[in-house]
>>> print(open('query.pdb').read())   # PDB, C-alpha atoms
MODEL        1
ATOM      1  CA  MET X   1     -11.093  27.066 -13.494
ATOM      2  CA  ILE X   2     -10.421  23.422 -12.579
ATOM      3  CA  HIS X   3     -13.189  21.844 -10.523
ATOM      4  CA  ALA X   4     -12.693  19.420  -7.636
ATOM      5  CA  ALA X   5     -14.750  16.773  -9.440
ATOM      6  CA  THR X   6     -12.260  16.785 -12.329
ATOM      7  CA  VAL X   7      -9.326  16.332  -9.965
ATOM      8  CA  ARG X   8     -11.108  13.470  -8.158
ATOM      9  CA  GLU X   9     -11.931  11.721 -11.426
ATOM     10  CA  GLN X  10      -8.319  11.906 -12.562
ATOM     11  CA  PHE X  11      -7.189  10.655  -9.162
ATOM     12  CA  GLN X  12      -9.189   7.460  -9.648
ATOM     13  CA  ARG X  13      -7.403   6.922 -12.967
ATOM     14  CA  PHE X  14      -4.042   7.558 -11.311
ATOM     15  CA  SER X  15      -4.856   4.986  -8.638
ATOM     16  CA  ARG X  16      -5.642   2.392 -11.276
ATOM     17  CA  GLN X  17      -2.704   3.164 -13.591
ATOM     18  CA  SER X  18       0.079   4.384 -11.328
ATOM     19  CA  ASP X  19       2.749   2.971 -13.660
ATOM     20  CA  ASP X  20       1.583   4.924 -16.728
ATOM     21  CA  GLN X  21       4.250   7.623 -16.905
ATOM     22  CA  SER X  22       2.460   9.837 -19.437
ATOM     23  CA  ARG X  23      -0.736   9.774 -17.364
ATOM     24  CA  LEU X  24       1.237  10.588 -14.210
ATOM     25  CA  ALA X  25       2.854  13.577 -15.895
ATOM     26  CA  GLU X  26      -0.531  14.856 -17.062
ATOM     27  CA  TYR X  27      -2.036  14.443 -13.602
ATOM     28  CA  ALA X  28       0.902  16.192 -11.926
ATOM     29  CA  ASP X  29       0.404  19.142 -14.274
ATOM     30  CA  LEU X  30      -3.324  19.210 -13.475
ATOM     31  CA  LEU X  31      -2.626  19.241  -9.732
ATOM     32  CA  ARG X  32      -0.095  22.064 -10.070
ATOM     33  CA  ARG X  33      -2.656  24.157 -11.937
ATOM     34  CA  TYR X  34      -5.319  23.250  -9.360
ATOM     35  CA  LEU X  35      -3.029  24.386  -6.533
ATOM     36  CA  SER X  36      -2.525  27.741  -8.259
ATOM     37  CA  GLN X  37      -6.247  28.474  -7.753
ATOM     38  CA  PRO X  38      -7.860  29.752  -4.534
ATOM     39  CA  LEU X  39      -8.626  26.584  -2.551
ATOM     40  CA  SER X  40      -9.866  25.704   0.907
ATOM     41  CA  ASP X  41      -7.315  24.527   3.455
ATOM     42  CA  SER X  42      -8.505  20.944   3.055
ATOM     43  CA  GLU X  43      -8.317  21.010  -0.747
ATOM     44  CA  THR X  44      -4.841  22.548  -0.576
ATOM     45  CA  ALA X  45      -3.520  19.926   1.854
ATOM     46  CA  TRP X  46      -4.984  17.049  -0.180
ATOM     47  CA  SER X  47      -3.592  18.465  -3.409
ATOM     48  CA  TYR X  48      -0.091  18.955  -1.997
ATOM     49  CA  GLN X  49      -0.110  15.412  -0.633
ATOM     50  CA  THR X  50      -1.404  13.874  -3.843
ATOM     51  CA  LEU X  51       0.963  15.849  -6.078
ATOM     52  CA  ALA X  52       3.960  14.740  -4.022
ATOM     53  CA  ASN X  53       2.852  11.118  -4.299
ATOM     54  CA  VAL X  54       2.256  11.346  -8.053
ATOM     55  CA  LEU X  55       5.750  12.771  -8.502
ATOM     56  CA  ALA X  56       7.290  10.087  -6.284
ATOM     57  CA  CYS X  57       5.465   7.338  -8.191
ATOM     58  CA  SER X  58       6.771   8.755 -11.471
ATOM     59  CA  GLU X  59      10.359   8.677 -10.151
ATOM     60  CA  HIS X  60      10.653  12.449  -9.729
ATOM     61  CA  ALA X  61      11.894  12.207  -6.150
ATOM     62  CA  ALA X  62      13.489  15.660  -6.002
ATOM     63  CA  GLU X  63      10.264  17.327  -7.142
ATOM     64  CA  ALA X  64       8.253  15.239  -4.658
ATOM     65  CA  VAL X  65      10.521  16.446  -1.854
ATOM     66  CA  ASP X  66      10.134  20.049  -3.030
ATOM     67  CA  VAL X  67       6.345  19.730  -2.901
ATOM     68  CA  HIS X  68       6.497  18.275   0.605
ATOM     69  CA  GLN X  69       8.680  21.136   1.776
ATOM     70  CA  ALA X  70       6.219  23.617   0.247
ATOM     71  CA  PHE X  71       3.455  21.881   2.218
ATOM     72  CA  GLU X  72       5.501  22.106   5.430
ATOM     73  CA  HIS X  73       5.968  25.841   4.845
ATOM     74  CA  TRP X  74       2.237  26.309   4.124
ATOM     75  CA  LEU X  75       0.745  24.202   6.961
ATOM     76  CA  PRO X  76       1.318  26.440  10.039
ATOM     77  CA  GLY X  77      -1.728  28.624  10.583
ATOM     78  CA  HIS X  78      -4.018  26.497   8.427
ATOM     79  CA  SER X  79      -6.664  23.978   9.488
ATOM     80  CA  PRO X  80      -7.151  21.267   6.874
ATOM     81  CA  ARG X  81      -9.381  18.310   7.619
ATOM     82  CA  LEU X  82      -9.296  15.183   5.483
ATOM     83  CA  SER X  83     -11.173  11.916   5.643
ATOM     84  CA  ALA X  84      -9.307   9.278   7.621
ATOM     85  CA  LYS X  85     -10.302   6.695   5.017
ATOM     86  CA  PHE X  86      -8.533   6.225   1.680
ATOM     87  CA  PRO X  87      -8.396   8.156  -0.596
ATOM     88  CA  ARG X  88      -8.503  10.760   2.188
ATOM     89  CA  PHE X  89     -10.437  13.358   0.255
ATOM     90  CA  PRO X  90     -11.316  16.638   2.016
ATOM     91  CA  ALA X  91     -13.957  15.916   4.644
ATOM     92  CA  PRO X  92     -17.393  17.443   3.962
ATOM     93  CA  GLU X  93     -18.523  20.075   6.429
ATOM     94  CA  GLY X  94     -20.234  18.420   9.397
ATOM     95  CA  SER X  95     -19.169  14.914   8.359
ATOM     96  CA  LEU X  96     -19.643  12.251  11.014
ATOM     97  CA  GLU X  97     -16.968  10.036   9.422
ATOM     98  CA  PRO X  98     -13.506   9.814  11.064
ATOM     99  CA  THR X  99     -11.295  12.686   9.950
ATOM    100  CA  MET X 100      -7.667  13.818  10.183
ATOM    101  CA  GLY X 101      -6.499  17.236  11.344
ATOM    102  CA  PRO X 102      -3.133  18.923  10.709
ATOM    103  CA  ASP X 103      -1.075  16.627  12.966
ATOM    104  CA  GLU X 104      -2.509  13.446  11.444
ATOM    105  CA  ILE X 105      -2.130  14.834   7.925
ATOM    106  CA  ARG X 106       1.523  15.725   8.585
ATOM    107  CA  LEU X 107       2.248  12.089   9.501
ATOM    108  CA  ALA X 108       0.055  10.613   6.768
ATOM    109  CA  PHE X 109       1.777  12.759   4.121
ATOM    110  CA  LEU X 110       5.199  11.353   5.005
ATOM    111  CA  THR X 111       3.969   7.757   4.930
ATOM    112  CA  GLN X 112       1.346   7.768   2.163
ATOM    113  CA  SER X 113       3.280   5.284  -0.015
ATOM    114  CA  VAL X 114       6.581   3.448  -0.217
ATOM    115  CA  GLN X 115       7.449   5.631  -3.191
ATOM    116  CA  PHE X 116       7.078   8.843  -1.235
ATOM    117  CA  ALA X 117       8.593   7.415   1.955
ATOM    118  CA  THR X 118      11.769   6.641  -0.004
ATOM    119  CA  ALA X 119      11.867   9.901  -1.995
ATOM    120  CA  TYR X 120      14.044  11.744   0.527
ATOM    121  CA  GLY X 121      16.488   8.839   0.549
ATOM    122  CA  ALA X 122      16.579   8.825  -3.251
ATOM    123  CA  VAL X 123      17.994  12.371  -3.197
ATOM    124  CA  GLY X 124      20.501  11.635  -0.430
ATOM    125  CA  ARG X 125      18.371  12.975   2.421
ATOM    126  CA  TYR X 126      17.339   9.824   4.265
ATOM    127  CA  ALA X 127      18.436  11.280   7.638
ATOM    128  CA  ASP X 128      16.173  14.297   7.008
ATOM    129  CA  TYR X 129      13.253  11.959   6.318
ATOM    130  CA  VAL X 130      13.786  10.078   9.577
ATOM    131  CA  ALA X 131      13.993  13.352  11.505
ATOM    132  CA  LYS X 132      10.795  14.657   9.888
ATOM    133  CA  PHE X 133       9.032  11.358  10.542
ATOM    134  CA  GLU X 134      10.059  11.241  14.203
ATOM    135  CA  ASP X 135       8.926  14.848  14.632
ATOM    136  CA  ALA X 136       5.545  14.172  13.001
ATOM    137  CA  LEU X 137       4.962  11.028  15.069
ATOM    138  CA  GLY X 138       5.946  12.861  18.243
ATOM    139  CA  ARG X 139       3.544  15.749  17.541
ATOM    140  CA  LEU X 140       0.537  13.457  17.224
ATOM    141  CA  THR X 141      -1.334  12.902  20.478
ATOM    142  CA  PRO X 142      -1.884   9.141  20.844
ATOM    143  CA  ALA X 143      -5.550   8.185  20.711
ATOM    144  CA  ASN X 144      -7.535   5.074  19.909
ATOM    145  CA  GLU X 145      -8.758   6.816  16.754
ATOM    146  CA  ASN X 146      -5.246   7.095  15.322
ATOM    147  CA  VAL X 147      -3.764   3.744  16.375
ATOM    148  CA  GLU X 148      -3.930   2.277  12.861
ATOM    149  CA  LEU X 149      -2.509   5.452  11.305
ATOM    150  CA  ARG X 150       0.466   5.349  13.676
ATOM    151  CA  VAL X 151       1.086   1.613  13.228
ATOM    152  CA  CYS X 152       1.067   1.851   9.434
ATOM    153  CA  ALA X 153       3.123   5.048   9.487
ATOM    154  CA  VAL X 154       5.894   3.336  11.436
ATOM    155  CA  GLY X 155       5.649   0.419   8.997
ATOM    156  CA  LEU X 156       6.125   2.693   5.993
ATOM    157  CA  SER X 157       9.078   4.327   7.724
ATOM    158  CA  LEU X 158      10.470   0.806   8.196
ATOM    159  CA  ASP X 159      10.218   0.379   4.422
ATOM    160  CA  ALA X 160      12.220   3.577   3.967
ATOM    161  CA  SER X 161      14.890   2.276   6.344
ATOM    162  CA  LEU X 162      15.144  -1.030   4.493
ATOM    163  CA  VAL X 163      15.631   0.730   1.171
ATOM    164  CA  ALA X 164      18.295   2.936   2.797
ATOM    165  CA  GLY X 165      20.034  -0.131   4.273
ATOM    166  CA  ASP X 166      19.458   1.146   7.807
ATOM    167  CA  PHE X 167      18.713  -2.217   9.399
ATOM    168  CA  GLU X 168      19.452  -0.941  12.899
ATOM    169  CA  ARG X 169      16.539   1.496  12.749
ATOM    170  CA  ALA X 170      14.354  -0.997  10.877
ATOM    171  CA  GLU X 171      14.755  -3.503  13.726
ATOM    172  CA  ARG X 172      13.464  -0.906  16.195
ATOM    173  CA  CYS X 173      10.215  -0.421  14.288
ATOM    174  CA  PRO X 174       8.277  -3.689  14.929
ATOM    175  CA  PRO X 175       8.441  -3.452  18.757
ATOM    176  CA  LEU X 176       7.163   0.122  18.539
ATOM    177  CA  MET X 177       4.384  -0.943  16.163
ATOM    178  CA  HIS X 178       3.276  -3.753  18.489
ATOM    179  CA  ALA X 179       3.309  -1.338  21.443
ATOM    180  CA  ILE X 180       1.087   1.104  19.537
ATOM    181  CA  ALA X 181      -1.287  -1.700  18.485
ATOM    182  CA  ASP X 182      -1.610  -2.740  22.126
ATOM    183  CA  GLY X 183      -3.400   0.570  22.652
ATOM    184  CA  GLU X 184      -6.276  -0.438  20.363
ATOM    185  CA  ARG X 185      -9.359  -0.981  22.551
ATOM    186  CA  ASN X 186     -11.168  -3.266  20.100
ATOM    187  CA  PRO X 187      -9.630  -6.759  20.490
ATOM    188  CA  ASP X 188     -10.476  -7.765  16.925
ATOM    189  CA  SER X 189      -8.881  -4.625  15.488
ATOM    190  CA  ALA X 190      -5.845  -5.035  17.736
ATOM    191  CA  ALA X 191      -5.307  -8.627  16.605
ATOM    192  CA  ARG X 192      -5.643  -7.597  12.957
ATOM    193  CA  LEU X 193      -3.032  -4.874  13.450
ATOM    194  CA  HIS X 194      -0.640  -7.301  15.120
ATOM    195  CA  GLY X 195      -1.114  -9.543  12.086
ATOM    196  CA  LEU X 196      -0.225  -6.728   9.694
ATOM    197  CA  ILE X 197       2.847  -5.974  11.793
ATOM    198  CA  LEU X 198       3.935  -9.597  11.435
ATOM    199  CA  THR X 199       3.933  -9.173   7.651
ATOM    200  CA  TRP X 200       6.349  -6.265   8.062
ATOM    201  CA  GLU X 201       8.489  -8.503  10.277
ATOM    202  CA  ILE X 202       8.521 -11.123   7.522
ATOM    203  CA  GLN X 203       9.608  -8.429   5.073
ATOM    204  CA  LEU X 204      12.416  -7.412   7.435
ATOM    205  CA  ALA X 205      13.554 -11.024   7.814
ATOM    206  CA  ARG X 206      13.536 -11.422   4.032
ATOM    207  CA  ALA X 207      15.625  -8.274   3.623
ATOM    208  CA  ARG X 208      18.162  -9.765   6.036
ATOM    209  CA  ASN X 209      18.089 -13.175   4.285
ATOM    210  CA  ASP X 210      17.257 -14.854   7.588
ATOM    211  CA  ALA X 211      15.532 -18.064   6.472
ATOM    212  CA  ALA X 212      14.844 -19.343   9.994
ATOM    213  CA  ARG X 213      13.313 -16.045  11.030
ATOM    214  CA  ILE X 214      11.203 -15.892   7.862
ATOM    215  CA  LEU X 215       9.743 -19.334   8.564
ATOM    216  CA  ALA X 216       9.136 -18.571  12.250
ATOM    217  CA  LYS X 217       7.330 -15.308  11.488
ATOM    218  CA  CYS X 218       5.293 -16.922   8.715
ATOM    219  CA  GLN X 219       4.178 -19.672  11.078
ATOM    220  CA  GLU X 220       3.355 -17.081  13.750
ATOM    221  CA  ALA X 221       1.289 -15.117  11.256
ATOM    222  CA  LEU X 222      -0.535 -18.242  10.036
ATOM    223  CA  SER X 223      -1.357 -19.219  13.608
ATOM    224  CA  LEU X 224      -2.748 -15.755  14.313
ATOM    225  CA  LEU X 225      -4.795 -15.852  11.107
ATOM    226  CA  ASP X 226      -6.235 -19.232  12.098
ATOM    227  CA  ARG X 227      -7.156 -17.860  15.517
ATOM    228  CA  LEU X 228      -8.834 -14.790  14.031
ATOM    229  CA  GLU X 229     -10.810 -16.930  11.588
ATOM    230  CA  LYS X 230     -12.040 -19.154  14.403
ATOM    231  CA  GLN X 231     -13.028 -16.075  16.411
ATOM    232  CA  GLY X 232     -15.213 -14.973  13.509
ATOM    233  CA  SER X 233     -13.312 -11.853  12.502
ATOM    234  CA  SER X 234     -14.961 -10.110   9.569
ATOM    235  CA  ALA X 235     -13.822 -10.719   5.996
ATOM    236  CA  ARG X 236     -13.100  -7.002   5.634
ATOM    237  CA  ALA X 237     -10.925  -7.006   8.751
ATOM    238  CA  LEU X 238      -8.901  -9.964   7.490
ATOM    239  CA  ALA X 239      -8.610  -9.008   3.803
ATOM    240  CA  GLY X 240      -5.467  -6.875   4.147
ATOM    241  CA  PHE X 241      -3.800  -9.354   6.503
ATOM    242  CA  ARG X 242      -4.481 -12.256   4.152
ATOM    243  CA  HIS X 243      -3.249 -10.322   1.116
ATOM    244  CA  ASN X 244       0.001  -9.163   2.735
ATOM    245  CA  LEU X 245       0.697 -12.559   4.266
ATOM    246  CA  ALA X 246       0.068 -14.344   0.957
ATOM    247  CA  HIS X 247       2.396 -11.877  -0.769
ATOM    248  CA  HIS X 248       5.282 -12.619   1.582
ATOM    249  CA  LEU X 249       4.650 -16.374   1.509
ATOM    250  CA  THR X 250       4.653 -16.250  -2.285
ATOM    251  CA  GLN X 251       7.799 -14.137  -2.427
ATOM    252  CA  SER X 252       9.449 -16.630  -0.075
ATOM    253  CA  GLY X 253       8.515 -19.502  -2.403
ATOM    254  CA  ARG X 254       5.991 -20.987   0.035
ATOM    255  CA  TYR X 255       3.177 -21.370  -2.452
ATOM    256  CA  ASP X 256       1.915 -24.354  -0.464
ATOM    257  CA  LEU X 257       1.237 -22.054   2.489
ATOM    258  CA  SER X 258      -0.048 -19.103   0.458
ATOM    259  CA  LEU X 259      -2.642 -21.099  -1.518
ATOM    260  CA  PRO X 260      -5.078 -21.751   1.382
ATOM    261  CA  VAL X 261      -4.707 -18.122   2.477
ATOM    262  CA  LEU X 262      -5.627 -16.909  -1.009
ATOM    263  CA  ASP X 263      -8.458 -19.435  -1.316
ATOM    264  CA  ALA X 264      -9.900 -18.106   1.946
ATOM    265  CA  LYS X 265      -9.496 -14.495   0.810
ATOM    266  CA  LEU X 266     -11.278 -15.261  -2.462
ATOM    267  CA  ALA X 267     -14.129 -17.052  -0.689
ATOM    268  CA  ALA X 268     -14.510 -14.225   1.833
ATOM    269  CA  GLY X 269     -14.709 -11.754  -1.041
ATOM    270  CA  GLY X 270     -17.659 -13.576  -2.564
ATOM    271  CA  GLY X 271     -15.474 -15.169  -5.225
ATOM    272  CA  SER X 272     -13.567 -12.016  -6.068
ATOM    273  CA  HIS X 273     -10.236 -10.371  -5.252
ATOM    274  CA  GLY X 274     -11.718  -7.150  -6.599
ATOM    275  CA  ASP X 275      -9.878  -4.862  -8.996
ATOM    276  CA  HIS X 276      -6.469  -6.004  -7.835
ATOM    277  CA  GLY X 277      -4.710  -7.722 -10.701
ATOM    278  CA  TYR X 278      -1.717  -8.671  -8.583
ATOM    279  CA  ALA X 279      -3.914 -10.652  -6.153
ATOM    280  CA  TRP X 280      -5.419 -12.654  -9.011
ATOM    281  CA  LEU X 281      -1.967 -13.227 -10.516
ATOM    282  CA  MET X 282      -0.509 -14.273  -7.167
ATOM    283  CA  HIS X 283      -3.395 -16.729  -6.721
ATOM    284  CA  ALA X 284      -2.813 -18.160 -10.197
ATOM    285  CA  ALA X 285       0.881 -18.674  -9.389
ATOM    286  CA  ALA X 286       0.030 -20.543  -6.185
ATOM    287  CA  VAL X 287      -2.556 -22.757  -7.905
ATOM    288  CA  TRP X 288      -0.209 -23.616 -10.764
ATOM    289  CA  THR X 289       2.800 -24.309  -8.566
ATOM    290  CA  VAL X 290       0.934 -26.461  -6.054
ATOM    291  CA  THR X 291      -1.764 -28.217  -8.115
ATOM    292  CA  ARG X 292      -0.881 -27.837 -11.825
ATOM    293  CA  ASP X 293      -4.614 -27.266 -12.347
ATOM    294  CA  ARG X 294      -4.510 -25.779 -15.841
ATOM    295  CA  PRO X 295      -8.174 -24.705 -16.220
ATOM    296  CA  ARG X 296      -8.245 -22.993 -12.831
ATOM    297  CA  THR X 297      -4.888 -21.310 -13.377
ATOM    298  CA  LEU X 298      -5.965 -19.968 -16.772
ATOM    299  CA  ALA X 299      -9.240 -18.710 -15.292
ATOM    300  CA  LEU X 300      -7.356 -16.810 -12.569
ATOM    301  CA  LEU X 301      -4.978 -15.321 -15.142
ATOM    302  CA  ARG X 302      -7.940 -14.076 -17.160
ATOM    303  CA  GLU X 303      -9.396 -12.503 -14.028
ATOM    304  CA  ALA X 304      -6.055 -10.747 -13.419
ATOM    305  CA  ARG X 305      -6.101  -9.405 -16.973
ATOM    306  CA  ASP X 306      -9.746  -8.308 -16.824
ATOM    307  CA  HIS X 307      -9.470  -6.608 -13.424
ATOM    308  CA  ASP X 308      -6.333  -4.580 -14.099
ATOM    309  CA  PRO X 309      -5.861  -1.943 -16.803
ATOM    310  CA  ARG X 310      -2.107  -2.557 -16.858
ATOM    311  CA  ASP X 311      -0.320  -5.073 -19.068
ATOM    312  CA  LEU X 312       0.605  -7.833 -16.592
ATOM    313  CA  THR X 313       2.588  -9.923 -19.074
ATOM    314  CA  ASN X 314       5.939  -9.048 -17.531
ATOM    315  CA  ASP X 315       4.608  -9.755 -14.027
ATOM    316  CA  PHE X 316       3.524 -13.170 -15.316
ATOM    317  CA  ARG X 317       7.090 -14.034 -16.331
ATOM    318  CA  THR X 318       8.202 -15.383 -12.957
ATOM    319  CA  SER X 319       9.672 -18.667 -11.799
ATOM    320  CA  ALA X 320       6.193 -19.894 -10.856
ATOM    321  CA  PHE X 321       5.231 -19.986 -14.548
ATOM    322  CA  GLU X 322       8.679 -20.797 -15.902
ATOM    323  CA  ASP X 323       7.515 -23.963 -17.642
ATOM    324  CA  VAL X 324       4.521 -22.348 -19.369
ATOM    325  CA  GLN X 325       5.398 -18.661 -19.773
ATOM    326  CA  ASP X 326       5.800 -19.045 -23.535
ATOM    327  CA  GLU X 327       2.739 -21.228 -24.099
ATOM    328  CA  PRO X 328       0.205 -19.430 -26.324
ATOM    329  CA  GLU X 329      -2.739 -20.443 -24.113
ATOM    330  CA  PHE X 330      -1.167 -18.897 -21.022
ATOM    331  CA  LEU X 331       0.027 -15.783 -22.839
ATOM    332  CA  GLN X 332      -3.419 -15.266 -24.311
ATOM    333  CA  ALA X 333      -4.973 -15.569 -20.835
ATOM    334  CA  ILE X 334      -2.782 -12.836 -19.288
ATOM    335  CA  SER X 335      -2.237 -10.516 -22.279
ATOM    336  CA  PRO X 336      -4.512  -7.486 -22.679
ATOM    337  CA  SER X 337      -7.459  -8.076 -24.968
ATOM    338  CA  SER X 338      -7.102  -6.410 -28.342
TER
ENDMDL
END
>>> encode(input="query.pdb", output="structure tokens")
Amino acid sequence: MIHAATVREQFQRFSRQSDDQSRLAEYADLLRRYLSQPLSDSETAWSYQTLANVLACSEHAAEAVDVHQAFEHWLPGHSPRLSAKFPRFPAPEGSLEPTMGPDEIRLAFLTQSVQFATAYGAVGRYADYVAKFEDALGRLTPANENVELRVCAVGLSLDASLVAGDFERAERCPPLMHAIADGERNPDSAARLHGLILTWEIQLARARNDAARILAKCQEALSLLDRLEKQGSSARALAGFRHNLAHHLTQSGRYDLSLPVLDAKLAAGGGSHGDHGYAWLMHAAAVWTVTRDRPRTLALLREARDHDPRDLTNDFRTSAFEDVQDEPEFLQAISPSS
């Protein structure tokens, strides 16, 4: 008998080491055995969803699609309820926290990660994915409680379209996302969602190699961020916006614009980017490129190493560190401790 606590514990490890192929294979096997046991509707739905994502993240797209189709066959007549907050574990009986029912879960399953959202396309079934996504979105009754779910779901489907080269559909996504976000009753939450949508628009412009559009959207996003900061939006509300915006600014080579965004994110987090090695590494790249501040750059690289169980050495070897990527001091700062 496999207990829920064991599955949850292994999930936390998966979340931290999603590029460890041997660990992913072990966790997929555990989830399959867990699903073979008598489970509640909520445990079954969560396990199907998680197994499909584990398989997608381990580049087993065909198996991920098979698991999703098994879930689709199972769902009618069942009443799962999951937490609306990541990691969307089964909701405790009588929980007062926001939850998701079958219609929300159907949409969330399809858009739980870029890896899963592109799994159907990887096996030549992109059109099927779009049809399933449109059906799931259409089934869900619009409500203020699911605005963010719907916005992010459309964004993940945009990612799938970009990978498939379907720019026509991708271009239709941002207007729909903005229209959904307009339905958010809380002005602060609505503005934050519009900011996140702008980062998807930057991604779309980058995919189309439209330099003018990239710059315009970056400036629009920076202006919105400045406005939200002046309005006193919470650090938690702005954390995702700042991270995504800094990512796209960095990827576009605008380290000069990403550095103040990352500095603000770090300050808002009480001096920490949390257990997100990429954020620390991105910050180090911006500091080095803009200021050439060696002590600060090395300190940020050490934070990246200490906050991430993965070996980030290959991620360090980018153009931002081209002049120092073979220096022992820098390699020691980013390499895993022995």
>>> residues_around(input="query.pdb", residues="Thr313 (chain X)", least_positions_apart="5", cutoff="12 Å", atoms="only C-alpha atoms", output="number ranges by chain")
X: 277-278, 281, 301-302, 304-305, 308, 318, 321, 325-326, 330-337
>>> axis_aligned_box(input="query.pdb", around="region 35-42 of chain X", padding_each_side="3 Å", output="lines of an AutoDock Vina configuration file")
center_x = -6.2
center_y = 25.3
center_z = -2.4
size_x = 13.3
size_y = 14.8
size_z = 17.7
>>> resolve_selection(input="query.pdb", expression="the PyMOL selection byres ((chain X and resi 63) around 12)", output="list of chain:residue names")
X:Ala28, X:Arg32, X:Tyr48, X:Leu51, X:Ala52, X:Asn53, X:Val54, X:Leu55, X:Ala56, X:Cys57, X:Ser58, X:Glu59, X:His60, X:Ala61, X:Ala62, X:Ala64, X:Val65, X:Asp66, X:Val67, X:His68, X:Gln69, X:Ala70, X:Phe116, X:Ala119, X:Tyr120, X:Ala122, X:Val123
>>> resolve_selection(input="query.pdb", expression="the PyMOL selection byres ((chain X and resi 88) around 12)", output="NGL selection string")
:X and (8 or 11 or 42-43 or 45-47 or 49-50 or 80-87 or 89-92 or 97-101 or 104-105 or 108-109 or 112)
>>> residues_near_point(input="query.pdb", point="(-1.8, -18.2, 2.3)", cutoff="6 Å", atoms="all atoms listed in the file", output="list in words")
Ala246, Leu257, Ser258, Leu259, Pro260, Val261 and Leu262 of chain X
>>> write_last_selection(input="query.pdb", atoms="C-alpha atoms", output="compact mmCIF listing (two decimals), keeping the file's coordinate frame")
# COMPACT_ATOMS: atom_id res chain seq x y z
CA ALA X 246 0.07 -14.34 0.96
CA LEU X 257 1.24 -22.05 2.49
CA SER X 258 -0.05 -19.10 0.46
CA LEU X 259 -2.64 -21.10 -1.52
CA PRO X 260 -5.08 -21.75 1.38
CA VAL X 261 -4.71 -18.12 2.48
CA LEU X 262 -5.63 -16.91 -1.01
>>> resolve_selection(input="query.pdb", expression="the PyMOL selection byres ((chain X and resi 156) around 8)", output="mmCIF file with C-alpha atoms, keeping the file's coordinate frame")
data_model
loop_
_atom_site.group_PDB
_atom_site.id
_atom_site.type_symbol
_atom_site.label_atom_id
_atom_site.label_comp_id
_atom_site.auth_asym_id
_atom_site.auth_seq_id
_atom_site.Cartn_x
_atom_site.Cartn_y
_atom_site.Cartn_z
ATOM 1 C CA THR X 111 3.969 7.757 4.930
ATOM 2 C CA GLN X 112 1.346 7.768 2.163
ATOM 3 C CA SER X 113 3.280 5.284 -0.015
ATOM 4 C CA VAL X 114 6.581 3.448 -0.217
ATOM 5 C CA ALA X 117 8.593 7.415 1.955
ATOM 6 C CA CYS X 152 1.067 1.851 9.434
ATOM 7 C CA ALA X 153 3.123 5.048 9.487
ATOM 8 C CA VAL X 154 5.894 3.336 11.436
ATOM 9 C CA GLY X 155 5.649 0.419 8.997
ATOM 10 C CA SER X 157 9.078 4.327 7.724
ATOM 11 C CA LEU X 158 10.470 0.806 8.196
ATOM 12 C CA ASP X 159 10.218 0.379 4.422
ATOM 13 C CA ALA X 160 12.220 3.577 3.967
#
>>> closest_residue(input="query.pdb", among="X:Ala207, X:Asp135, X:Asn144, X:Leu238", to="Val163 (chain X)", atoms="all atoms listed in the file")
X:Ala207
>>> closest_residue(input="query.pdb", among="X:Glu72, X:Arg125, X:Ser161, X:Ala181", to="Glu145 (chain X)", atoms="all atoms listed in the file")
X:Ala181
>>> closest_residue(input="query.pdb", among="X:Pro309, X:Ala285, X:Arg106, X:Glu93", to="Gln251 (chain X)", atoms="all atoms listed in the file")
X:Ala285
>>> residues_around(input="query.pdb", residues="region 189-201 of chain X", least_positions_apart="4", cutoff="7 Å", atoms="only C-alpha atoms", output="compact mmCIF listing (two decimals) with C-alpha atoms, in the coordinates of the input")
# COMPACT_ATOMS: atom_id res chain seq x y z
CA GLY X 155 5.65 0.42 9.00
CA PRO X 174 8.28 -3.69 14.93
CA MET X 177 4.38 -0.94 16.16
CA HIS X 178 3.28 -3.75 18.49
CA ALA X 181 -1.29 -1.70 18.48
CA ASP X 182 -1.61 -2.74 22.13
CA GLU X 184 -6.28 -0.44 20.36
CA ALA X 205 13.55 -11.02 7.81
CA LYS X 217 7.33 -15.31 11.49
CA ALA X 221 1.29 -15.12 11.26
CA LEU X 224 -2.75 -15.76 14.31
CA ALA X 237 -10.92 -7.01 8.75
CA LEU X 238 -8.90 -9.96 7.49
CA PHE X 241 -3.80 -9.35 6.50
CA ASN X 244 0.00 -9.16 2.74
CA LEU X 245 0.70 -12.56 4.27
>>> atom_distance(input="query.pdb", atom1="CA of Leu75 (chain X)", atom2="CA of Met1 (chain X)")
23.8 Å
>>> atom_distance(input="query.pdb", atom1="CA of Gln10 (chain X)", atom2="CA of Asp41 (chain X)")
20.4 Å
>>> closest_residue(input="query.pdb", among="X:Ser95, X:Gln12, X:Asn186, X:Ser252", to="Leu215 (chain X)", atoms="all atoms listed in the file")
X:Ser252
>>> atom_distance(input="query.pdb", atom1="CA of Ala239 (chain X)", atom2="CA of Asp275 (chain X)")
13.5 Å
>>> closest_residue(input="query.pdb", among="X:Gly271, X:Arg254, X:Ser36, X:Leu137", to="Leu176 (chain X)", atoms="only C-alpha atoms")
X:Leu137
